[in-house]
file target-v9.cif (mmCIF, C-alpha atoms and all ligand atoms)
data_coords
loop_
_atom_site.label_atom_id
_atom_site.label_comp_id
_atom_site.auth_asym_id
_atom_site.auth_seq_id
_atom_site.Cartn_x
_atom_site.Cartn_y
_atom_site.Cartn_z
CA MET A 1 -6.02 15.46 53.30
CA LYS A 2 -5.11 15.60 49.62
CA THR A 3 -2.69 18.44 48.93
CA LEU A 4 -1.65 20.59 45.99
CA VAL A 5 1.89 19.35 46.59
CA ASP A 6 2.98 15.88 45.40
CA MET A 7 1.78 13.64 48.25
CA GLY A 8 4.60 11.18 47.58
CA SER A 9 7.20 13.79 48.54
CA PRO A 10 8.20 14.40 52.19
CA VAL A 11 6.97 18.00 51.87
CA GLY A 12 3.60 16.79 50.54
CA ALA A 13 3.23 14.27 53.37
CA TRP A 14 4.14 16.95 55.93
CA LEU A 15 1.65 19.39 54.39
CA SER A 16 -1.14 16.83 54.31
CA ASN A 17 -0.67 16.14 58.00
CA GLU A 18 -0.58 19.82 58.88
CA LEU A 19 -3.68 20.61 56.81
CA ASP A 20 -5.56 17.93 58.78
CA SER A 21 -4.59 19.74 61.98
CA VAL A 22 -5.65 23.09 60.49
CA SER A 23 -9.04 21.60 59.56
CA SER A 24 -9.55 20.38 63.13
CA ILE A 25 -8.60 23.81 64.53
CA LEU A 26 -11.13 25.41 62.17
CA SER A 27 -13.99 23.03 63.01
CA ASP A 28 -13.39 23.39 66.75
CA HIS A 29 -13.15 27.16 66.55
CA LEU A 30 -16.39 27.52 64.60
CA LYS A 31 -18.41 25.49 67.11
CA ASN A 32 -21.02 27.62 68.80
CA LYS A 33 -23.38 27.09 71.72
CA HIS A 34 -26.30 27.83 69.36
CA HIS A 35 -27.26 24.95 67.08
CA GLU A 36 -28.58 27.48 64.52
CA VAL A 37 -25.03 28.74 64.00
CA ASN A 38 -23.62 25.21 63.80
CA ASP A 39 -26.30 24.21 61.28
CA LEU A 40 -25.32 27.12 59.06
CA CYS A 41 -21.60 26.40 59.39
CA ASN A 42 -22.24 22.78 58.36
CA GLU A 43 -23.31 24.10 54.95
CA LEU A 44 -19.72 25.26 54.44
CA ALA A 45 -18.50 21.74 53.66
CA THR A 46 -18.91 22.33 49.93
CA TYR A 47 -16.86 25.54 50.08
CA ARG A 48 -13.84 23.71 51.45
CA GLY A 49 -11.44 23.20 48.56
CA LYS A 50 -7.77 22.37 48.29
CA MET A 51 -6.78 24.90 50.98
CA LEU A 52 -4.42 26.85 48.71
CA ARG A 53 -4.08 29.76 51.15
CA PRO A 54 -3.33 27.74 54.32
CA SER A 55 -0.95 25.61 52.21
CA LEU A 56 0.99 28.68 51.11
CA LEU A 57 1.19 29.97 54.68
CA LEU A 58 2.41 26.62 56.03
CA LEU A 59 4.91 26.15 53.18
CA SER A 60 6.25 29.71 53.53
CA TRP A 61 6.98 28.99 57.19
CA ARG A 62 8.46 25.61 56.28
CA ALA A 63 10.72 27.14 53.61
CA LEU A 64 12.41 28.99 56.48
CA HIS A 65 12.51 25.91 58.76
CA PRO A 66 12.71 22.80 56.56
CA ALA A 67 13.45 20.51 59.48
CA GLY A 68 12.07 22.55 62.39
CA HIS A 69 9.29 21.77 64.83
CA ILE A 70 6.14 23.68 63.84
CA PRO A 71 4.61 25.90 66.54
CA ASN A 72 0.82 25.69 66.90
CA SER A 73 0.59 29.42 66.06
CA VAL A 74 1.47 28.61 62.42
CA ARG A 75 -1.41 26.13 62.17
CA ILE A 76 -3.74 28.66 63.82
CA ALA A 77 -2.70 31.38 61.36
CA ALA A 78 -3.34 28.93 58.50
CA GLY A 79 -6.85 28.43 59.91
CA VAL A 80 -7.33 32.20 60.11
CA VAL A 81 -6.58 32.78 56.41
CA GLU A 82 -8.90 29.95 55.40
CA LEU A 83 -11.69 31.53 57.47
CA ILE A 84 -11.14 34.87 55.74
CA HIS A 85 -11.18 33.16 52.37
CA LEU A 86 -14.41 31.30 53.19
CA ALA A 87 -16.03 34.56 54.36
CA THR A 88 -15.14 36.28 51.07
CA LEU A 89 -16.54 33.36 49.02
CA VAL A 90 -19.83 33.31 50.92
CA HIS A 91 -20.24 37.08 50.49
CA ASP A 92 -19.02 36.98 46.89
CA ASP A 93 -21.72 34.48 45.95
CA VAL A 94 -24.33 36.84 47.35
CA LEU A 95 -22.94 39.74 45.30
CA ASP A 96 -22.69 37.58 42.17
CA GLU A 97 -26.08 35.94 42.80
CA ALA A 98 -24.31 32.64 42.16
CA ASP A 99 -26.23 29.44 42.81
CA LEU A 100 -23.37 26.97 42.31
CA ARG A 101 -19.84 26.62 43.68
CA ARG A 102 -17.73 23.49 43.22
CA GLY A 103 -20.76 21.95 41.55
CA LYS A 104 -22.92 22.29 44.68
CA GLN A 105 -25.53 24.79 45.76
CA THR A 106 -24.21 27.99 47.33
CA ILE A 107 -25.19 29.11 50.84
CA ASN A 108 -27.26 31.98 49.40
CA SER A 109 -29.20 29.65 47.17
CA LEU A 110 -29.77 27.15 50.00
CA ARG A 111 -30.49 29.55 52.85
CA GLY A 112 -31.08 32.96 51.27
CA ASN A 113 -29.01 36.14 51.19
CA GLU A 114 -29.62 37.15 54.80
CA ALA A 115 -28.26 33.90 56.20
CA ALA A 116 -25.32 34.02 53.78
CA VAL A 117 -24.42 37.57 54.79
CA MET A 118 -24.57 36.59 58.47
CA LEU A 119 -22.50 33.45 57.90
CA GLY A 120 -19.83 35.53 56.11
CA ASP A 121 -19.85 37.95 59.05
CA TYR A 122 -19.58 35.08 61.55
CA LEU A 123 -16.60 33.66 59.65
CA LEU A 124 -14.93 37.05 59.50
CA SER A 125 -15.33 37.74 63.20
CA SER A 126 -14.22 34.16 63.98
CA ALA A 127 -11.07 34.80 61.95
CA PHE A 128 -10.20 37.90 63.98
CA LEU A 129 -10.94 36.12 67.26
CA LEU A 130 -8.77 33.16 66.27
CA CYS A 131 -5.95 35.44 65.11
CA SER A 132 -5.97 37.33 68.41
CA THR A 133 -5.25 34.07 70.27
CA ILE A 134 -1.79 34.02 68.61
CA LYS A 135 -1.03 37.23 70.51
CA ASN A 136 1.15 38.66 67.76
CA PRO A 137 0.13 42.29 67.06
CA GLU A 138 1.98 42.24 63.72
CA LEU A 139 -0.35 39.50 62.49
CA ASN A 140 -3.45 41.29 63.76
CA ILE A 141 -2.46 44.46 61.90
CA LEU A 142 -1.67 42.51 58.72
CA LEU A 143 -5.05 40.79 58.91
CA GLY A 144 -6.86 44.10 59.45
CA LYS A 145 -5.10 45.67 56.46
CA ILE A 146 -5.81 42.70 54.22
CA THR A 147 -9.51 42.42 54.98
CA ASN A 148 -9.74 46.16 54.46
CA THR A 149 -8.05 45.84 51.06
CA LEU A 150 -10.30 42.90 50.07
CA CYS A 151 -13.42 44.94 50.81
CA ALA A 152 -12.05 48.01 49.00
CA GLY A 153 -11.30 45.84 45.96
CA GLU A 154 -14.89 44.63 45.85
CA VAL A 155 -16.25 48.17 46.31
CA VAL A 156 -14.13 49.48 43.41
CA GLN A 157 -15.19 46.50 41.27
CA LEU A 158 -18.84 47.19 42.08
CA ALA A 159 -18.47 50.88 41.23
CA ASN A 160 -16.98 49.93 37.86
CA ARG A 161 -19.65 47.49 36.75
CA ASN A 162 -20.44 48.03 33.07
CA ASN A 163 -17.53 50.49 32.71
CA VAL A 164 -16.08 49.69 29.27
CA GLY A 165 -13.51 52.42 29.92
CA LEU A 166 -11.90 50.37 32.71
CA THR A 167 -8.13 50.63 32.24
CA LEU A 168 -5.61 47.84 32.54
CA GLU A 169 -4.19 49.60 35.58
CA GLN A 170 -7.61 49.69 37.26
CA TYR A 171 -8.21 46.01 36.45
CA TYR A 172 -4.87 44.97 37.93
CA GLN A 173 -5.54 47.08 41.02
CA ILE A 174 -8.96 45.40 41.51
CA ILE A 175 -7.63 41.86 41.18
CA HIS A 176 -4.66 42.70 43.36
CA ASP A 177 -6.98 43.97 46.07
CA LYS A 178 -9.73 41.35 45.90
CA THR A 179 -7.56 38.26 45.39
CA ALA A 180 -3.78 38.67 45.26
CA SER A 181 -3.52 40.67 48.49
CA LEU A 182 -4.81 37.76 50.60
CA ILE A 183 -2.60 35.21 48.85
CA ALA A 184 0.42 37.52 49.33
CA ALA A 185 -0.49 37.97 53.00
CA CYS A 186 -0.60 34.18 53.46
CA CYS A 187 3.00 33.89 52.25
CA GLU A 188 4.07 36.89 54.30
CA MET A 189 2.37 35.60 57.47
CA GLY A 190 4.19 32.29 57.14
CA GLY A 191 7.39 34.30 56.81
CA VAL A 192 6.60 36.55 59.79
CA LEU A 193 5.88 33.52 61.99
CA GLY A 194 9.10 31.95 60.74
CA ASN A 195 11.05 35.08 61.74
CA GLY A 196 12.12 35.70 58.15
CA ASN A 197 14.35 38.70 57.45
CA THR A 198 13.19 41.74 55.43
CA GLU A 199 14.38 40.30 52.12
CA GLN A 200 12.76 36.92 52.76
CA LEU A 201 9.44 38.52 53.75
CA LYS A 202 9.45 40.77 50.68
CA THR A 203 10.23 37.78 48.44
CA LEU A 204 7.41 35.72 49.93
CA ARG A 205 4.94 38.60 49.58
CA LYS A 206 5.95 39.22 45.94
CA PHE A 207 5.64 35.49 45.20
CA GLY A 208 2.10 35.49 46.64
CA GLU A 209 1.17 38.63 44.73
CA GLY A 210 2.26 37.13 41.42
CA VAL A 211 0.54 33.83 42.12
CA GLY A 212 -2.65 35.58 43.28
CA THR A 213 -2.78 37.79 40.19
CA ALA A 214 -2.26 34.79 37.89
CA PHE A 215 -4.92 32.88 39.82
CA GLN A 216 -7.57 35.60 39.32
CA ILE A 217 -6.77 36.15 35.63
CA LYS A 218 -7.15 32.40 35.10
CA ASP A 219 -10.41 32.36 37.06
CA ASP A 220 -11.66 35.19 34.82
CA LEU A 221 -10.58 33.30 31.69
CA LEU A 222 -12.48 30.19 32.82
CA ASP A 223 -15.58 32.32 33.43
CA LEU A 224 -15.31 33.68 29.90
CA LEU A 225 -14.39 30.50 28.03
CA GLU A 226 -15.65 27.45 29.90
CA ARG A 227 -18.98 25.82 30.60
CA GLN A 228 -20.69 25.58 34.02
CA GLU A 229 -20.33 21.76 34.00
CA ASP A 230 -16.56 22.08 33.70
CA ILE A 231 -15.91 24.73 36.32
CA GLY A 232 -18.58 23.78 38.86
CA LYS A 233 -19.88 27.34 39.05
CA PRO A 234 -21.93 29.54 36.75
CA ALA A 235 -19.93 30.57 33.67
CA GLY A 236 -20.43 33.96 32.06
CA ARG A 237 -21.23 35.53 35.41
CA ASP A 238 -18.58 38.26 34.92
CA LEU A 239 -20.38 39.50 31.81
CA GLU A 240 -23.74 39.22 33.52
CA LYS A 241 -22.44 41.35 36.39
CA GLY A 242 -20.74 43.84 34.05
CA LYS A 243 -17.22 42.87 35.21
CA LEU A 244 -14.67 43.58 32.50
CA THR A 245 -11.80 41.11 32.53
CA LEU A 246 -8.34 40.95 30.94
CA PRO A 247 -9.09 39.64 27.40
CA ILE A 248 -11.79 42.26 26.90
CA ILE A 249 -9.70 45.09 28.34
CA LEU A 250 -6.77 44.08 26.13
CA LEU A 251 -9.07 43.96 23.12
CA LEU A 252 -10.41 47.45 23.85
CA THR A 253 -6.93 48.83 24.50
CA THR A 254 -5.81 47.83 21.01
CA ASN A 255 -9.18 48.56 19.35
CA PRO A 256 -10.83 51.50 21.15
CA SER A 257 -13.37 51.76 18.32
CA LEU A 258 -15.00 48.54 19.64
CA LYS A 259 -16.08 50.28 22.86
CA ASN A 260 -19.66 50.98 21.75
CA GLY A 261 -20.08 47.42 20.51
CA VAL A 262 -18.80 46.00 23.81
CA GLU A 263 -21.04 48.39 25.74
CA GLU A 264 -24.02 46.94 23.85
CA ILE A 265 -22.83 43.36 24.44
CA VAL A 266 -22.54 44.04 28.18
CA ALA A 267 -25.96 45.75 28.28
CA ASN A 268 -27.55 42.77 26.47
CA ASN A 269 -25.47 40.16 28.35
CA ASP A 270 -24.68 38.67 24.95
CA ARG A 271 -22.13 35.96 25.77
CA CYS A 272 -22.13 34.61 22.24
CA ALA A 273 -21.19 37.96 20.70
CA LEU A 274 -18.49 38.50 23.31
CA ARG A 275 -16.95 35.12 22.53
CA GLN A 276 -16.99 35.90 18.80
CA LEU A 277 -15.26 39.21 19.45
CA VAL A 278 -12.49 37.80 21.64
CA ASP A 279 -12.08 34.72 19.44
CA SER A 280 -11.41 36.97 16.45
CA SER A 281 -8.58 38.67 18.31
CA LYS A 282 -5.40 37.55 20.03
CA SER A 283 -6.54 38.85 23.41
CA VAL A 284 -7.26 35.44 24.98
CA GLU A 285 -3.76 34.26 24.01
CA ALA A 286 -2.34 37.45 25.48
CA ALA A 287 -4.19 36.84 28.77
CA VAL A 288 -2.97 33.22 28.83
CA GLN A 289 0.56 34.50 28.26
CA LYS A 290 0.16 36.89 31.17
CA VAL A 291 -0.88 34.04 33.51
CA ASN A 292 2.13 31.99 32.46
CA SER A 293 4.61 34.84 32.70
CA LEU A 294 3.33 35.84 36.16
CA VAL A 295 3.83 32.27 37.37
CA GLU A 296 7.32 32.14 35.86
CA GLU A 297 8.28 35.47 37.46
CA ALA A 298 6.93 34.34 40.83
CA VAL A 299 8.87 31.07 40.64
CA GLY A 300 12.02 32.89 39.47
CA GLY A 301 11.81 35.45 42.29
CA LEU A 302 11.32 32.81 44.97
CA SER A 303 14.20 30.71 43.66
CA VAL A 304 16.65 33.61 43.95
CA VAL A 305 16.21 33.81 47.73
CA PHE A 306 15.07 30.30 48.72
CA SER A 307 16.57 27.07 47.52
CA ASN A 308 15.48 24.00 49.40
CA GLU A 309 13.06 21.12 48.90
CA VAL A 310 10.17 23.17 50.32
CA SER A 311 10.61 26.16 48.02
CA SER A 312 11.01 23.76 45.06
CA GLN A 313 7.67 22.16 45.95
CA MET A 314 6.08 25.61 46.28
CA CYS A 315 7.25 26.36 42.75
CA LEU A 316 5.95 23.05 41.39
CA MET A 317 2.64 23.68 43.12
CA VAL A 318 2.07 27.10 41.55
CA GLU A 319 3.27 25.92 38.15
CA GLN A 320 0.02 23.94 38.02
CA LEU A 321 -1.65 27.32 37.46
CA LYS A 322 -0.08 27.65 34.02
CA VAL A 323 -2.47 27.39 31.13
C1 LIG B 401 -13.99 36.25 43.92
O1 LIG B 401 -14.17 36.89 42.72
C2 LIG B 401 -14.04 37.27 45.01
C3 LIG B 401 -13.04 37.52 45.85
C4 LIG B 401 -11.76 36.83 45.73
C5 LIG B 401 -13.14 38.55 46.94
C6 LIG B 401 -14.49 38.69 47.55
C7 LIG B 401 -14.47 39.74 48.61
C8 LIG B 401 -15.59 40.24 49.14
C9 LIG B 401 -16.93 39.78 48.75
C10 LIG B 401 -15.47 41.30 50.20
C11 LIG B 401 -15.89 40.75 51.54
C12 LIG B 401 -14.70 40.65 52.33
C13 LIG B 401 -14.61 39.98 53.53
C14 LIG B 401 -13.34 40.14 54.28
C15 LIG B 401 -15.68 39.14 54.09
P1 LIG B 401 -14.93 36.16 41.53
O2 LIG B 401 -16.38 36.41 41.66
O3 LIG B 401 -14.27 36.58 40.29
O4 LIG B 401 -14.58 34.63 41.81
P2 LIG B 401 -15.49 33.33 41.69
O5 LIG B 401 -15.44 32.99 40.24
O6 LIG B 401 -14.79 32.29 42.53
O7 LIG B 401 -16.86 33.64 42.17
MG MG B 402 -17.96 35.26 42.16
#
call {"tool": "encode", "arguments": {"input": "target-v9.cif", "output": "structure tokens"}}
result
Amino acid sequence: MKTLVDMGSPVGAWLSNELDSVSSILSDHLKNKHHEVNDLCNELATYRGKMLRPSLLLLSWRALHPAGHIPNSVRIAAGVVELIHLATLVHDDVLDEADLRRGKQTINSLRGNEAAVMLGDYLLSSAFLLCSTIKNPELNILLGKITNTLCAGEVVQLANRNNVGLTLEQYYQIIHDKTASLIAACCEMGGVLGNGNTEQLKTLRKFGEGVGTAFQIKDDLLDLLERQEDIGKPAGRDLEKGKLTLPIILLLTTNPSLKNGVEEIVANNDRCALRQLVDSSKSVEAAVQKVNSLVEEAVGGLSVVFSNEVSSQMCLMVEQLKV
């Protein structure tokens, strides 16, 4: 399959091959004796993207063994993290009442909320079942902690809908929990399976955390600034759902007197007024800067501990996140 790493490079060719194996593991594992379950799982095709999370897991392992033979457990773990990711997307679209993802209809819009909730649950339980076949308790515990953190992140986000008093610290905690924690765990799992030492595991986790945070800030920026046609999913949904994101929080931190105005904008779901407000400030530029500096820090941190062709390709891959 097409990868986020240059396909002309040996690392890209290796990754492409491995991702094909991961996809086969996933499809086989999801097969069920009930055709109703298989029918529902077939709807997932549109949710399958570039496999960022499995790629990071595979590459993190590979950075420790650039010429080694890959054990099947690494491919299985890559399948596990993709299943978790798919489960969160299916549930997230229910929470966000989103009807489009990657330009196609979401599961909830095709089959209704009940089927989407059950599909997310099926994916989640399939992930745990698949992970247990690796028979590595460290991975099972990591997976349990991460899914717990993901759910907590969403609960805190939900509790803070329409809260114009949301602090920068709270925002970073939410995006860490709902997005960066899984991406960090992917890197760490690759490291654990590669028998990395404490410093290598910490470096991989930190790299994933930085990348994951940058990824979510960028996703939030696209929701604020772009059009549905360009991002393949509804734009402006954060405002509609009362989710405050970085440019608005930065704006309110420097201009607390705008709080009442923003409260009204959120209550009226007035996207136009919100755009005018952020456009008149430097807060979008500041958020863009944050994405870029997080990517640079992540790349810098990884390069201190890893220096081979694989880690270089990991850096090039995440640099594509820069705005
Ligand atoms: C995307 O946010 C949402 C997430 C990354 C996390 C979603 C997590 C849950 C719904 C908790 C359920 C957890 C499990 C383990 C099943 P977004 O709405 O900003 O992104 P989007 O623009 O892609 O929709
Ligand atoms: Mg969403």
call {"tool": "residues_around", "arguments": {"input": "target-v9.cif", "residues": "stretch 119-128 of chain A", "least_positions_apart": "5", "cutoff": "9 Å", "atoms": "all atoms listed in the file", "output": "number ranges by chain"}}
result
A: 29-30, 37, 40-41, 79-91, 107, 114, 133, 140, 143-144, 147
call {"tool": "residues_around", "arguments": {"input": "target-v9.cif", "residues": "stretch 222-224 of chain A", "least_positions_apart": "3", "cutoff": "8 Å", "atoms": "all atoms listed in the file", "output": "PyMOL selection string"}}
result
chain A and resi 218-219+227+231+234-239+275
call {"tool": "residues_near_ligand", "arguments": {"input": "target-v9.cif", "ligand": "ligand MG 402 (chain B)", "cutoff": "7 Å", "atoms": "all atoms listed in the file", "output": "PyMOL selection string"}}
result
chain A and resi 92-93+96+98
call {"tool": "residues_around", "arguments": {"input": "target-v9.cif", "residues": "A:Ser23", "least_positions_apart": "6", "cutoff": "10 Å", "atoms": "all atoms listed in the file", "output": "list in words"}}
result
Met1, His29, Arg48, Met51, Pro54, Arg75, Ile76, Ala78, Gly79 and Glu82 of chain A
call {"tool": "axis_aligned_box", "arguments": {"input": "target-v9.cif", "around": "ligand LIG 401 (chain B)", "padding_each_side": "6 Å", "output": "lines of an AutoDock Vina configuration file"}}
result
center_x = -14.3
center_y = 36.8
center_z = 47.3
size_x = 17.2
size_y = 21.0
size_z = 26.0
call {"tool": "closest_residue", "arguments": {"input": "target-v9.cif", "among": "A:Ile134, A:Ala159, A:Ile217, A:Val164", "to": "ligand LIG 401 (chain B)", "atoms": "all atoms listed in the file"}}
result
A:Ile217
call {"tool": "atom_distance", "arguments": {"input": "target-v9.cif", "atom1": "atom CA of A:Gly165", "atom2": "atom C11 of ligand LIG 401 (chain B)"}}
result
24.7 Å
call {"tool": "residues_around", "arguments": {"input": "target-v9.cif", "residues": "A:Thr213", "least_positions_apart": "2", "cutoff": "8 Å", "atoms": "all atoms listed in the file", "output": "list in words"}}
result
Tyr172, Ile175, His176, Thr179, Ala180, Glu209, Gly210, Val211, Phe215, Gln216, Ile217, Val291 and Leu294 of chain A
call {"tool": "residues_around", "arguments": {"input": "target-v9.cif", "residues": "A:Lys2", "least_positions_apart": "2", "cutoff": "9 Å", "atoms": "all atoms listed in the file", "output": "list in words"}}
result
Leu4, Val5, Met7, Gly12, Ser16, Leu19 and Lys50 of chain A
call {"tool": "write_last_selection", "arguments": {"input": "target-v9.cif", "atoms": "C-alpha atoms", "output": "mmCIF file, keeping the file's coordinate frame"}}
result
data_model
loop_
_atom_site.group_PDB
_atom_site.id
_atom_site.type_symbol
_atom_site.label_atom_id
_atom_site.label_comp_id
_atom_site.auth_asym_id
_atom_site.auth_seq_id
_atom_site.Cartn_x
_atom_site.Cartn_y
_atom_site.Cartn_z
ATOM 1 C CA LEU A 4 -1.650 20.590 45.990
ATOM 2 C CA VAL A 5 1.890 19.350 46.590
ATOM 3 C CA MET A 7 1.780 13.640 48.250
ATOM 4 C CA GLY A 12 3.600 16.790 50.540
ATOM 5 C CA SER A 16 -1.140 16.830 54.310
ATOM 6 C CA LEU A 19 -3.680 20.610 56.810
ATOM 7 C CA LYS A 50 -7.770 22.370 48.290
#
call {"tool": "closest_residue", "arguments": {"input": "target-v9.cif", "among": "A:Thr149, A:Asn197, A:Asn113, A:Asn163", "to": "A:Ala185", "atoms": "all atoms listed in the file"}}
result
A:Thr149
call {"tool": "closest_residue", "arguments": {"input": "target-v9.cif", "among": "A:Leu274, A:Val117, A:Val74, A:Val295", "to": "ligand LIG 401 (chain B)", "atoms": "only C-alpha atoms and all ligand atoms"}}
result
A:Val117
call {"tool": "atom_distance", "arguments": {"input": "target-v9.cif", "atom1": "atom CA of A:Val284", "atom2": "atom CA of A:Asn162"}}
result
19.9 Å
call {"tool": "closest_residue", "arguments": {"input": "target-v9.cif", "among": "A:Leu302, A:Leu182, A:Ala67, A:Ala267", "to": "A:Gln200", "atoms": "all atoms listed in the file"}}
result
A:Leu302
call {"tool": "closest_residue", "arguments": {"input": "target-v9.cif", "among": "A:Gly103, A:Gly301, A:Pro137, A:Gly8", "to": "ligand LIG 401 (chain B)", "atoms": "only C-alpha atoms and all ligand atoms"}}
result
A:Gly103
call {"tool": "closest_residue", "arguments": {"input": "target-v9.cif", "among": "A:Asp230, A:Glu199, A:Asp177, A:Glu264", "to": "ligand LIG 401 (chain B)", "atoms": "all atoms listed in the file"}}
result
A:Asp177
call {"tool": "atom_distance", "arguments": {"input": "target-v9.cif", "atom1": "atom CA of A:Ser280", "atom2": "atom CA of A:Pro247"}}
result
11.5 Å
call {"tool": "decode", "arguments": {"input": "target-v9.cif", "residues": "stretch 136-147 of chain A", "atoms": "C-alpha atoms", "output": "compact mmCIF listing (two decimals), in the first residue's frame"}}
result
# COMPACT_ATOMS: atom_id res chain seq x y z
CA ASN A 136 3.10 -9.92 26.28
CA PRO A 137 1.52 -8.58 29.51
CA GLU A 138 3.42 -5.28 29.16
CA LEU A 139 1.58 -4.60 25.90
CA ASN A 140 -1.79 -5.55 27.37
CA ILE A 141 -1.28 -3.13 30.27
CA LEU A 142 -0.12 -0.36 27.93
CA LEU A 143 -3.19 -0.89 25.75
CA GLY A 144 -5.51 -0.83 28.77
CA LYS A 145 -3.96 2.41 30.03
CA ILE A 146 -4.15 4.06 26.64
CA THR A 147 -7.77 3.23 25.91
